[in-house]
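J.: Pasting coords19.tsv here (TSV, C-alpha atoms (C1' of nucleotides)):
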chain	number	residue	atom	x	y	z
G	9	MET	CA	28.98	78.24	-94.94
G	10	ASP	CA	28.18	78.97	-91.32
G	11	GLU	CA	25.48	81.59	-91.06
G	12	THR	CA	25.05	81.24	-87.31
G	13	LEU	CA	27.90	83.56	-86.44
G	14	ARG	CA	27.72	86.02	-89.32
G	15	LEU	CA	27.85	89.52	-87.93
G	16	ARG	CA	25.09	90.85	-90.14
G	17	ASN	CA	22.75	88.06	-89.04
G	18	GLN	CA	22.99	88.99	-85.38
G	19	VAL	CA	20.01	90.75	-83.86
G	20	CYS	CA	22.27	91.82	-81.02
G	21	PHE	CA	24.59	93.67	-83.37
G	22	ALA	CA	21.68	95.32	-85.20
G	23	LEU	CA	20.31	96.48	-81.85
G	24	HIS	CA	23.62	97.73	-80.61
G	25	SER	CA	24.34	99.65	-83.83
G	26	ALA	CA	20.86	101.10	-84.06
G	27	SER	CA	20.95	102.27	-80.47
G	28	ARG	CA	24.28	104.02	-81.02
G	29	ALA	CA	23.09	105.50	-84.31
G	30	VAL	CA	19.99	106.95	-82.65
G	31	THR	CA	22.07	108.35	-79.81
G	32	GLY	CA	24.33	109.89	-82.43
G	33	VAL	CA	21.39	111.69	-84.05
G	34	TYR	CA	20.24	112.98	-80.67
G	35	ARG	CA	23.70	114.16	-79.67
G	36	PRO	CA	23.96	117.44	-81.61
G	37	ILE	CA	20.33	118.27	-80.88
G	38	LEU	CA	20.75	117.67	-77.15
G	39	ASP	CA	24.05	119.52	-77.17
G	40	GLU	CA	22.00	122.64	-77.82
G	41	LEU	CA	20.13	121.95	-74.60
G	42	GLY	CA	23.30	121.16	-72.68
G	43	LEU	CA	22.27	117.55	-72.13
G	44	THR	CA	23.65	114.11	-72.81
G	45	TYR	CA	21.30	111.43	-74.01
G	46	PRO	CA	20.96	109.57	-70.67
G	47	GLN	CA	20.43	112.90	-68.95
G	48	PHE	CA	17.63	113.61	-71.40
G	49	LEU	CA	16.00	110.29	-70.46
G	50	VAL	CA	16.17	111.24	-66.78
G	51	LEU	CA	14.51	114.56	-67.53
G	52	LEU	CA	11.79	112.79	-69.54
G	53	ALA	CA	11.08	110.73	-66.44
G	54	LEU	CA	11.01	113.81	-64.22
G	55	TRP	CA	8.85	115.89	-66.57
G	56	GLU	CA	6.38	113.04	-66.36
G	57	ARG	CA	6.48	112.92	-62.59
G	58	ASP	CA	8.65	115.22	-60.53
G	59	GLY	CA	10.11	114.59	-57.11
G	60	ARG	CA	10.88	110.91	-57.54
G	61	THR	CA	13.48	109.13	-55.49
G	62	VAL	CA	16.66	107.80	-57.05
G	63	SER	CA	15.28	104.26	-56.82
G	64	GLU	CA	12.04	105.21	-58.53
G	65	LEU	CA	13.98	106.81	-61.36
G	66	GLY	CA	16.10	103.70	-61.54
G	67	ALA	CA	13.03	101.50	-61.84
G	68	ALA	CA	11.59	103.69	-64.60
G	69	LEU	CA	14.85	103.83	-66.54
G	70	ARG	CA	16.23	100.42	-65.57
G	71	LEU	CA	19.38	101.98	-64.16
G	72	ASP	CA	21.03	101.47	-60.78
G	73	SER	CA	22.36	104.01	-58.32
G	74	GLY	CA	25.88	103.43	-59.57
G	75	THR	CA	24.85	105.02	-62.85
G	76	LEU	CA	22.26	107.48	-61.57
G	77	SER	CA	24.10	109.01	-58.62
G	78	PRO	CA	26.91	110.62	-60.62
G	79	LEU	CA	24.57	111.46	-63.51
G	80	LEU	CA	22.18	113.26	-61.15
G	81	LYS	CA	25.12	115.06	-59.60
G	82	ARG	CA	26.04	116.38	-63.04
G	83	LEU	CA	22.43	117.38	-63.72
G	84	GLU	CA	22.48	119.21	-60.41
G	85	SER	CA	25.72	121.07	-61.24
G	86	ALA	CA	24.13	122.00	-64.57
G	87	GLY	CA	21.26	123.54	-62.61
G	88	MET	CA	18.56	121.26	-64.03
G	89	VAL	CA	17.54	119.47	-60.83
G	90	ASP	CA	18.11	119.56	-57.15
G	91	ARG	CA	18.37	116.66	-54.74
G	92	ARG	CA	16.92	116.63	-51.25
G	93	ARG	CA	17.38	114.07	-48.52
G	94	ASP	CA	13.90	112.90	-47.58
G	95	THR	CA	13.15	114.08	-44.04
G	96	ALA	CA	10.82	111.17	-43.25
G	97	ASP	CA	13.27	108.53	-44.49
G	98	GLU	CA	16.78	109.87	-44.64
G	99	ARG	CA	18.03	106.98	-46.73
G	100	GLN	CA	16.09	108.36	-49.66
G	101	VAL	CA	16.89	111.29	-51.91
G	102	THR	CA	14.16	112.93	-53.94
G	103	VAL	CA	15.02	114.62	-57.20
G	104	HIS	CA	13.20	117.80	-58.20
G	105	LEU	CA	13.31	119.85	-61.37
G	106	THR	CA	14.55	123.41	-61.02
G	107	ASP	CA	12.84	126.19	-62.93
G	108	ASP	CA	15.52	125.81	-65.61
G	109	GLY	CA	14.91	122.08	-65.78
G	110	GLU	CA	11.18	122.59	-66.05
G	111	ALA	CA	11.64	125.28	-68.69
G	112	LEU	CA	13.68	122.96	-70.87
G	113	ARG	CA	10.57	120.86	-71.36
G	114	GLU	CA	9.14	123.23	-73.94
G	115	ARG	CA	12.32	123.25	-75.98
G	116	ALA	CA	12.52	119.46	-75.75
G	117	ARG	CA	9.06	118.96	-77.16
G	118	ALA	CA	10.34	119.29	-80.73
G	119	VAL	CA	13.19	116.81	-80.30
G	120	PRO	CA	11.51	113.39	-80.77
G	121	GLY	CA	9.85	114.53	-83.98
G	122	GLN	CA	13.15	115.61	-85.49
G	123	VAL	CA	14.70	112.24	-84.81
G	124	ALA	CA	11.63	110.37	-86.06
G	125	ALA	CA	11.89	112.28	-89.32
G	126	ALA	CA	15.56	111.35	-89.71
G	127	SER	CA	14.75	107.68	-89.09
G	128	GLY	CA	13.11	107.31	-92.48
G	129	LEU	CA	10.51	105.00	-90.93
G	130	THR	CA	6.78	105.61	-90.92
G	131	ARG	CA	4.91	106.40	-87.74
G	132	GLU	CA	3.40	102.90	-87.84
G	133	GLU	CA	6.77	101.23	-88.25
G	134	LEU	CA	8.16	103.21	-85.34
G	135	VAL	CA	5.23	102.28	-83.10
G	136	GLU	CA	5.58	98.62	-83.98
G	137	LEU	CA	9.33	98.73	-83.48
G	138	ARG	CA	8.89	100.33	-80.07
G	139	ASP	CA	6.37	97.69	-79.04
G	140	VAL	CA	8.52	94.76	-80.17
G	141	LEU	CA	11.50	96.21	-78.34
G	142	THR	CA	9.47	96.74	-75.19
G	143	THR	CA	8.26	93.13	-75.33
G	144	LEU	CA	11.82	91.95	-75.89
G	145	THR	CA	13.12	93.93	-72.93
G	146	ASP	CA	10.36	92.65	-70.67
G	147	ASN	CA	11.00	89.07	-71.72
G	148	LEU	CA	14.71	89.34	-71.08
G	149	LYS	CA	14.39	91.16	-67.78
G	150	GLY	CA	11.78	88.68	-66.59
G	151	GLU	CA	14.31	85.87	-67.07
G	152	SER	CA	16.58	87.03	-64.27
K	20	MET	CA	-2.10	115.28	-71.67
K	21	ASP	CA	1.18	115.56	-73.51
K	22	GLU	CA	2.10	112.21	-74.98
K	23	THR	CA	5.03	113.54	-77.02
K	24	LEU	CA	7.49	113.35	-74.16
K	25	ARG	CA	6.19	110.31	-72.31
K	26	LEU	CA	9.12	108.01	-71.59
K	27	ARG	CA	7.31	104.85	-72.56
K	28	ASN	CA	6.36	106.34	-75.93
K	29	GLN	CA	9.96	106.95	-76.93
K	30	VAL	CA	11.46	104.62	-79.49
K	31	CYS	CA	14.88	105.80	-78.38
K	32	PHE	CA	14.28	104.64	-74.83
K	33	ALA	CA	12.91	101.28	-75.99
K	34	LEU	CA	16.00	100.81	-78.14
K	35	HIS	CA	18.37	101.83	-75.42
K	36	SER	CA	16.74	99.54	-72.84
K	37	ALA	CA	16.50	96.60	-75.21
K	38	SER	CA	20.12	96.92	-76.19
K	39	ARG	CA	21.22	96.94	-72.56
K	40	ALA	CA	18.89	94.05	-71.73
K	41	VAL	CA	20.33	91.94	-74.54
K	42	THR	CA	23.86	92.77	-73.47
K	43	GLY	CA	22.86	91.75	-69.96
K	44	VAL	CA	21.75	88.33	-71.19
K	45	TYR	CA	24.99	87.86	-73.11
K	46	ARG	CA	27.16	88.93	-70.19
K	47	PRO	CA	27.13	85.75	-68.05
K	48	ILE	CA	27.38	83.57	-71.16
K	49	LEU	CA	30.34	85.51	-72.53
K	50	ASP	CA	31.93	85.62	-69.09
K	51	GLU	CA	32.44	81.88	-69.52
K	52	LEU	CA	34.44	82.63	-72.65
K	53	GLY	CA	36.37	85.45	-71.03
K	54	LEU	CA	34.86	88.04	-73.34
K	55	THR	CA	32.92	91.24	-73.06
K	56	TYR	CA	30.09	91.86	-75.47
K	57	PRO	CA	31.95	94.33	-77.76
K	58	GLN	CA	34.93	91.96	-77.78
K	59	PHE	CA	32.57	89.21	-78.92
K	60	LEU	CA	31.41	91.42	-81.79
K	61	VAL	CA	35.02	91.97	-82.84
K	62	LEU	CA	35.63	88.23	-82.81
K	63	LEU	CA	32.48	87.67	-84.89
K	64	ALA	CA	33.95	90.04	-87.46
K	65	LEU	CA	37.31	88.26	-87.39
K	66	TRP	CA	35.84	84.75	-87.54
K	67	GLU	CA	34.11	85.91	-90.67
K	68	ARG	CA	37.29	87.34	-92.18
K	69	ASP	CA	40.61	87.23	-90.41
K	70	GLY	CA	43.52	89.59	-90.80
K	71	ARG	CA	41.55	92.78	-91.22
K	72	THR	CA	42.97	96.17	-90.46
K	73	VAL	CA	41.70	98.27	-87.58
K	74	SER	CA	39.88	100.52	-90.05
K	75	GLU	CA	38.19	97.62	-91.76
K	76	LEU	CA	37.00	96.32	-88.40
K	77	GLY	CA	35.80	99.80	-87.60
K	78	ALA	CA	33.80	99.97	-90.81
K	79	ALA	CA	32.20	96.59	-90.15
K	80	LEU	CA	31.34	97.39	-86.55
K	81	ARG	CA	30.80	101.14	-86.94
K	82	LEU	CA	33.44	101.89	-84.34
K	83	ASP	CA	36.41	104.24	-84.50
K	84	SER	CA	40.02	103.67	-83.53
K	85	GLY	CA	39.43	105.43	-80.23
K	86	THR	CA	37.21	102.55	-79.22
K	87	LEU	CA	38.92	99.74	-81.09
K	88	SER	CA	42.56	100.39	-80.22
K	89	PRO	CA	42.26	99.79	-76.49
K	90	LEU	CA	39.72	96.99	-77.01
K	91	LEU	CA	42.08	95.17	-79.37
K	92	LYS	CA	44.90	95.67	-76.91
K	93	ARG	CA	42.82	93.90	-74.28
K	94	LEU	CA	41.94	91.10	-76.71
K	95	GLU	CA	45.64	90.76	-77.40
K	96	SER	CA	46.53	90.55	-73.70
K	97	ALA	CA	43.83	87.92	-73.37
K	98	GLY	CA	45.60	85.95	-76.08
K	99	MET	CA	42.72	85.98	-78.55
K	100	VAL	CA	44.34	88.02	-81.33
K	101	ASP	CA	47.63	89.47	-82.31
K	102	ARG	CA	48.31	92.73	-84.07
K	103	ARG	CA	50.95	93.24	-86.72
K	104	ARG	CA	52.12	96.45	-88.31
K	105	ASP	CA	51.58	96.00	-92.04
K	106	THR	CA	54.99	95.86	-93.73
K	107	ALA	CA	53.76	97.32	-97.01
K	108	ASP	CA	51.96	100.24	-95.34
K	109	GLU	CA	53.24	100.83	-91.86
K	110	ARG	CA	50.35	103.06	-90.95
K	111	GLN	CA	48.11	100.04	-90.91
K	112	VAL	CA	47.79	97.30	-88.31
K	113	THR	CA	46.28	93.96	-89.24
K	114	VAL	CA	44.52	91.93	-86.59
K	115	HIS	CA	44.82	88.14	-86.65
K	116	LEU	CA	43.15	85.47	-84.55
K	117	THR	CA	45.44	83.33	-82.45
K	118	ASP	CA	44.80	79.60	-82.17
K	119	ASP	CA	42.93	80.31	-78.94
K	120	GLY	CA	40.85	82.97	-80.64
K	121	GLU	CA	40.06	80.65	-83.52
K	122	ALA	CA	39.23	77.79	-81.15
K	123	LEU	CA	36.68	79.93	-79.31
K	124	ARG	CA	34.58	79.94	-82.45
K	125	GLU	CA	33.23	76.47	-81.81
K	126	ARG	CA	32.22	77.31	-78.27
K	127	ALA	CA	30.61	80.55	-79.48
K	128	ARG	CA	28.41	78.79	-81.99
K	129	ALA	CA	25.82	77.94	-79.33
K	130	VAL	CA	25.60	81.47	-77.95
K	131	PRO	CA	23.19	83.26	-80.32
K	132	GLY	CA	20.66	80.45	-80.03
K	133	GLN	CA	20.62	80.68	-76.25
K	134	VAL	CA	19.90	84.37	-76.36
K	135	ALA	CA	17.27	83.97	-79.09
K	136	ALA	CA	15.48	81.46	-76.88
K	137	ALA	CA	15.50	83.86	-73.93
K	138	SER	CA	14.09	86.64	-76.11
K	139	GLY	CA	10.67	84.99	-76.24
K	140	LEU	CA	10.30	86.12	-79.85
K	141	THR	CA	9.79	83.83	-82.82
K	142	ARG	CA	12.47	83.35	-85.44
K	143	GLU	CA	10.35	85.41	-87.85
K	144	GLU	CA	9.93	88.26	-85.39
K	145	LEU	CA	13.66	88.32	-84.75
K	146	VAL	CA	14.46	88.40	-88.45
K	147	GLU	CA	12.03	91.23	-89.03
K	148	LEU	CA	13.32	93.13	-86.01
K	149	ARG	CA	16.88	92.77	-87.25
K	150	ASP	CA	15.94	94.04	-90.69
K	151	VAL	CA	14.03	97.05	-89.40
K	152	LEU	CA	16.93	97.94	-87.13
K	153	THR	CA	19.41	97.60	-89.98
K	154	THR	CA	17.29	99.88	-92.15
K	155	LEU	CA	17.01	102.37	-89.31
K	156	THR	CA	20.76	102.41	-88.75
K	157	ASP	CA	21.47	102.86	-92.45
K	158	ASN	CA	18.97	105.71	-92.68
K	159	LEU	CA	20.45	107.50	-89.70
K	160	LYS	CA	24.06	107.00	-90.70
K	161	GLY	CA	23.29	108.10	-94.24
K	162	GLU	CA	22.09	111.44	-92.86
K	163	SER	CA	25.50	112.54	-91.70
T	24	DC	C1'	14.71	98.33	-26.34
T	25	DC	C1'	18.51	96.21	-28.95
T	26	DT	C1'	20.63	93.90	-32.31
T	27	DC	C1'	20.79	92.10	-36.91
T	28	DA	C1'	19.00	92.01	-41.50
T	29	DT	C1'	17.44	94.94	-45.04
T	30	DT	C1'	17.20	98.97	-47.81
T	31	DA	C1'	18.82	103.47	-50.18
T	32	DA	C1'	22.29	106.00	-51.99
T	33	DG	C1'	26.83	106.63	-53.03
T	34	DT	C1'	31.79	105.05	-54.22
T	35	DT	C1'	35.33	102.45	-56.72
T	36	DG	C1'	37.10	100.17	-60.56
T	37	DT	C1'	36.71	98.35	-65.35
T	38	DG	C1'	35.33	98.66	-69.97
T	39	DC	C1'	32.92	100.91	-73.85
T	40	DA	C1'	31.65	105.14	-76.91
T	41	DC	C1'	33.06	109.15	-78.78
T	42	DA	C1'	35.16	113.81	-79.55
T	43	DA	C1'	39.37	116.01	-80.09
T	44	DC	C1'	43.89	115.56	-80.61
T	45	DT	C1'	48.77	113.53	-81.66
T	46	DT	C1'	52.11	110.89	-84.24
T	47	DA	C1'	53.82	108.79	-88.03
T	48	DA	C1'	53.55	107.04	-92.71
T	49	DT	C1'	52.01	107.67	-97.37
T	50	DC	C1'	50.34	110.24	-101.28
T	51	DG	C1'	50.13	113.81	-104.73
T	52	DT	C1'	51.48	117.83	-107.09
T	53	DG	C1'	54.67	120.99	-108.49
H	20	DC	C1'	62.71	115.14	-105.20
H	21	DA	C1'	60.29	118.14	-101.78
H	22	DC	C1'	56.69	119.41	-99.08
H	23	DG	C1'	52.00	120.06	-97.76
H	24	DA	C1'	47.75	117.27	-97.41
H	25	DT	C1'	45.79	113.09	-96.25
H	26	DT	C1'	45.33	108.77	-93.90
H	27	DA	C1'	45.87	105.13	-90.05
H	28	DA	C1'	46.32	104.16	-85.51
H	29	DG	C1'	46.74	105.52	-81.03
H	30	DT	C1'	46.04	108.81	-76.89
H	31	DT	C1'	43.45	111.76	-73.75
H	32	DG	C1'	39.49	113.18	-71.43
H	33	DT	C1'	34.46	112.84	-70.40
H	34	DG	C1'	30.40	110.34	-69.55
H	35	DC	C1'	27.65	106.05	-69.23
H	36	DA	C1'	26.85	101.00	-67.62
H	37	DC	C1'	27.50	97.83	-64.32
H	38	DA	C1'	29.57	94.80	-60.67
H	39	DA	C1'	31.13	94.90	-56.12
H	40	DC	C1'	31.46	97.30	-52.27
H	41	DT	C1'	30.65	100.97	-48.38
H	42	DT	C1'	27.91	103.86	-45.39
H	43	DA	C1'	24.03	105.15	-43.09
H	44	DA	C1'	19.17	104.72	-41.93
H	45	DT	C1'	15.17	101.88	-41.16
H	46	DG	C1'	12.62	97.76	-39.82
H	47	DA	C1'	11.57	93.36	-37.44
H	48	DG	C1'	12.15	89.70	-34.07
H	49	DG	C1'	13.63	88.45	-29.79
Would you put the structure from the file into structure tokens?
T.:
Amino acid sequence: MDETLRLRNQVCFALHSASRAVTGVYRPILDELGLTYPQFLVLLALWERDGRTVSELGAALRLDSGTLSPLLKRLESAGMVDRRRDTADERQVTVHLTDDGEALRERARAVPGQVAAASGLTREELVELRDVLTTLTDNLKGES
Amino acid sequence: MDETLRLRNQVCFALHSASRAVTGVYRPILDELGLTYPQFLVLLALWERDGRTVSELGAALRLDSGTLSPLLKRLESAGMVDRRRDTADERQVTVHLTDDGEALRERARAVPGQVAAASGLTREELVELRDVLTTLTDNLKGES
DNA sequence: CCTCATTAAGTTGTGCACAACTTAATCGTG
DNA sequence: CACGATTAAGTTGTGCACAACTTAATGAGG
């Protein structure tokens, strides 16, 4: 019996499913805030440091402008951020939270805890999982 | 300092990034086989048991017909599978590997090992990671 | 200076994920 | 048998991911 190609043995499938399952738990919660999951990640990055350029956001989130540009446009239409052409270097666009975007931060504070509770994993397991995943990502990205 | 919302503390972000990073490592390898990553997952499921219905594939992969129908259509155009309306129950469609689809199995056998090597994790770490992720997915899906 | 390479952001096109819906076949109960 | 409910697959529309490309601004070497 060939175990190499069994679906349930694949780390890649486990990762892919888990990622979608987590997104699925976030979805109804973030719906309340009027956000999609990737938009929430962008706001996390901005709450941490506001006024970043598109490239800086891309570096933090590992996303390129092809993904971020339209996403930021939608966040702007939703009134969460605004985008300003940098006057010193007009190639760059800096992204700033609006008052609404900043205000959402308080409501978002409860979100990670809710999802952690639904995960059924202990705090320690979650921390270890996060660290293994971060190592994995760094190893794989370093390859290229 | 509020650590709750720090991007690098989020398990969800680590999961999301890792999943995309893994897919990124698979991409050039699967390109050689003429497959996308989700198409590869479908073939894994079919190599394991051929002739499944769309629903059965969906249950195995946790995907709905909205995702699978067009994906299977593309796999069919690529000559990897064919789809047959079940004669006993004409609501169902069974998906069968073609000779080409079956033949790809041998070439695919080397793929998981290549990615595992690039991961920089030990076999034990990968097994544990897979199991934690599977538990996590089951916990989250059980919620709904 | 001036041109050519580089860089930043955005655009286009493809495929996936998923919600909401449609269509068609089957089932179950009276 | 009839008919309403259920089920299976497919369709439509939105958003994300990413490759390949375009446009516009900056930078560096001659």
J.: When you count all atoms listed in the file, which of these residues is closest to Ile37 of chain G: G:Leu129, G:Val89, G:Ala116, G:Leu15?
T.: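 Once distances to Ile37 of chain G are computed over all atoms listed in the file, the minimum belongs to G:Ala116.
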J.: Interatomic distance between atom CA of Arg39 of chain K and atom CA of Gly109 of chain G?
T.: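 A separation of 26.8 Å between them.
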J.: Write out as a PyMOL selection string which residues come within 7 Å of Asp90 of chain G when counting all atoms listed in the file, dropping same-chain ones fewer than 2 positions away.
T.: chain G and resi 84+92+103-106
J.: Kindly assemble as a Markdown table a list of the chain H residues that lie within 9 Å of segment 35-43 of chain T, each paired with its nearest atom pair and their distance in Å to one decimal, using all atoms listed in the file, sorted first by chain and then by ascending residue number.
T.:
| residue | atom | partner | partner_atom | distance |
| --- | --- | --- | --- | --- |
| H:DT31 | C1' | T:DA43 | C1' | 8.7 |
| H:DC35 | C1' | T:DC39 | C1' | 8.7 |
| H:DA36 | C1' | T:DC39 | C1' | 8.7 |
| H:DA39 | C1' | T:DT35 | C1' | 8.7 |
| H:DC40 | C1' | T:DT35 | C1' | 7.8 |
J.: Give me the least-squares superposed chain G (reference chain K; all C-alpha atoms paired in order) as a compact mmCIF listing (two decimals) with C-alpha atoms, in the frame of the given file.
T.:
# COMPACT_ATOMS: atom_id res chain seq x y z
CA MET G 9 -2.06 115.32 -71.59
CA ASP G 10 1.19 115.56 -73.50
CA GLU G 11 2.09 112.23 -75.01
CA THR G 12 5.01 113.56 -77.03
CA LEU G 13 7.49 113.37 -74.19
CA ARG G 14 6.20 110.32 -72.33
CA LEU G 15 9.10 108.03 -71.61
CA ARG G 16 7.27 104.88 -72.59
CA ASN G 17 6.35 106.36 -75.97
CA GLN G 18 9.95 106.96 -76.95
CA VAL G 19 11.45 104.61 -79.50
CA CYS G 20 14.86 105.80 -78.39
CA PHE G 21 14.27 104.64 -74.84
CA ALA G 22 12.89 101.28 -76.00
CA LEU G 23 15.99 100.81 -78.14
CA HIS G 24 18.37 101.83 -75.42
CA SER G 25 16.72 99.54 -72.84
CA ALA G 26 16.48 96.60 -75.20
CA SER G 27 20.11 96.91 -76.21
CA ARG G 28 21.21 96.93 -72.57
CA ALA G 29 18.88 94.05 -71.73
CA VAL G 30 20.32 91.94 -74.54
CA THR G 31 23.85 92.77 -73.47
CA GLY G 32 22.87 91.74 -69.96
CA VAL G 33 21.73 88.32 -71.18
CA TYR G 34 24.97 87.86 -73.11
CA ARG G 35 27.14 88.92 -70.19
CA PRO G 36 27.14 85.75 -68.06
CA ILE G 37 27.38 83.57 -71.16
CA LEU G 38 30.34 85.51 -72.53
CA ASP G 39 31.93 85.61 -69.10
CA GLU G 40 32.45 81.88 -69.52
CA LEU G 41 34.44 82.62 -72.66
CA GLY G 42 36.37 85.44 -71.02
CA LEU G 43 34.86 88.04 -73.34
CA THR G 44 32.92 91.25 -73.06
CA TYR G 45 30.09 91.87 -75.46
CA PRO G 46 31.95 94.33 -77.75
CA GLN G 47 34.91 91.97 -77.78
CA PHE G 48 32.57 89.21 -78.90
CA LEU G 49 31.40 91.42 -81.79
CA VAL G 50 35.02 91.98 -82.84
CA LEU G 51 35.63 88.24 -82.81
CA LEU G 52 32.48 87.67 -84.89
CA ALA G 53 33.95 90.03 -87.46
CA LEU G 54 37.31 88.26 -87.39
CA TRP G 55 35.86 84.75 -87.55
CA GLU G 56 34.12 85.92 -90.69
CA ARG G 57 37.28 87.33 -92.20
CA ASP G 58 40.61 87.23 -90.42
CA GLY G 59 43.52 89.60 -90.80
CA ARG G 60 41.54 92.79 -91.22
CA THR G 61 42.98 96.18 -90.46
CA VAL G 62 41.70 98.27 -87.57
CA SER G 63 39.88 100.54 -90.03
CA GLU G 64 38.19 97.62 -91.75
CA LEU G 65 36.99 96.32 -88.41
CA GLY G 66 35.79 99.79 -87.59
CA ALA G 67 33.80 99.98 -90.81
CA ALA G 68 32.21 96.58 -90.16
CA LEU G 69 31.34 97.40 -86.56
CA ARG G 70 30.81 101.14 -86.94
CA LEU G 71 33.45 101.89 -84.32
CA ASP G 72 36.42 104.24 -84.48
CA SER G 73 40.03 103.67 -83.50
CA GLY G 74 39.45 105.42 -80.20
CA THR G 75 37.22 102.53 -79.19
CA LEU G 76 38.93 99.72 -81.08
CA SER G 77 42.57 100.37 -80.22
CA PRO G 78 42.27 99.76 -76.47
CA LEU G 79 39.72 96.98 -76.99
CA LEU G 80 42.07 95.16 -79.37
CA LYS G 81 44.89 95.66 -76.91
CA ARG G 82 42.82 93.88 -74.27
CA LEU G 83 41.94 91.09 -76.71
CA GLU G 84 45.65 90.75 -77.41
CA SER G 85 46.55 90.55 -73.69
CA ALA G 86 43.83 87.90 -73.36
CA GLY G 87 45.61 85.93 -76.08
CA MET G 88 42.72 85.98 -78.55
CA VAL G 89 44.34 88.01 -81.33
CA ASP G 90 47.63 89.45 -82.33
CA ARG G 91 48.32 92.73 -84.08
CA ARG G 92 50.95 93.23 -86.75
CA ARG G 93 52.13 96.44 -88.34
CA ASP G 94 51.60 96.01 -92.07
CA THR G 95 55.01 95.89 -93.76
CA ALA G 96 53.76 97.37 -97.04
CA ASP G 97 51.97 100.27 -95.35
CA GLU G 98 53.25 100.85 -91.86
CA ARG G 99 50.35 103.08 -90.92
CA GLN G 100 48.11 100.04 -90.89
CA VAL G 101 47.80 97.30 -88.30
CA THR G 102 46.28 93.97 -89.23
CA VAL G 103 44.52 91.92 -86.60
CA HIS G 104 44.82 88.14 -86.65
CA LEU G 105 43.15 85.47 -84.57
CA THR G 106 45.44 83.31 -82.46
CA ASP G 107 44.80 79.60 -82.18
CA ASP G 108 42.93 80.30 -78.94
CA GLY G 109 40.84 82.96 -80.65
CA GLU G 110 40.05 80.64 -83.53
CA ALA G 111 39.22 77.81 -81.15
CA LEU G 112 36.69 79.93 -79.31
CA ARG G 113 34.58 79.95 -82.45
CA GLU G 114 33.24 76.48 -81.81
CA ARG G 115 32.21 77.32 -78.27
CA ALA G 116 30.61 80.55 -79.47
CA ARG G 117 28.42 78.80 -82.00
CA ALA G 118 25.83 77.95 -79.34
CA VAL G 119 25.61 81.48 -77.94
CA PRO G 120 23.19 83.26 -80.32
CA GLY G 121 20.67 80.46 -80.03
CA GLN G 122 20.62 80.68 -76.25
CA VAL G 123 19.90 84.38 -76.35
CA ALA G 124 17.27 83.97 -79.07
CA ALA G 125 15.49 81.46 -76.87
CA ALA G 126 15.51 83.86 -73.92
CA SER G 127 14.08 86.64 -76.10
CA GLY G 128 10.67 85.00 -76.22
CA LEU G 129 10.30 86.12 -79.84
CA THR G 130 9.80 83.82 -82.80
CA ARG G 131 12.47 83.35 -85.42
CA GLU G 132 10.36 85.41 -87.84
CA GLU G 133 9.93 88.25 -85.38
CA LEU G 134 13.66 88.31 -84.73
CA VAL G 135 14.47 88.40 -88.44
CA GLU G 136 12.03 91.22 -89.02
CA LEU G 137 13.32 93.12 -86.01
CA ARG G 138 16.89 92.77 -87.24
CA ASP G 139 15.94 94.02 -90.69
CA VAL G 140 14.03 97.05 -89.40
CA LEU G 141 16.93 97.94 -87.13
CA THR G 142 19.41 97.59 -89.96
CA THR G 143 17.28 99.87 -92.15
CA LEU G 144 17.01 102.36 -89.30
CA THR G 145 20.76 102.39 -88.75
CA ASP G 146 21.45 102.85 -92.44
CA ASN G 147 18.97 105.69 -92.68
CA LEU G 148 20.44 107.49 -89.71
CA LYS G 149 24.05 106.98 -90.72
CA GLY G 150 23.29 108.11 -94.26
CA GLU G 151 22.07 111.45 -92.86
CA SER G 152 25.50 112.56 -91.70
J.: Using all atoms listed in the file, what table do you get, as a tab-separated table, when you list each residue of chain H with an atom no more than 8 Å from chain K, its nearest pair of atoms, and their distance in Å rounded to one decimal, rows by chain then rising number?
T.:
residue	atom	partner	partner_atom	distance
H:DA27	C1'	K:Arg110	CA	5.0
H:DA28	C1'	K:Ser84	CA	6.6
H:DG29	C1'	K:Ser88	CA	6.7
J.: Please, could you write that set of residues out with C-alpha atoms (C1' of nucleotides) as a JSON list (two decimals), in the coordinates of the input?
T.:
[["chain", "number", "residue", "atom", "x", "y", "z"],
["H", 27, "DA", "C1'", 45.87, 105.13, -90.05],
["H", 28, "DA", "C1'", 46.32, 104.16, -85.51],
["H", 29, "DG", "C1'", 46.74, 105.52, -81.03]]
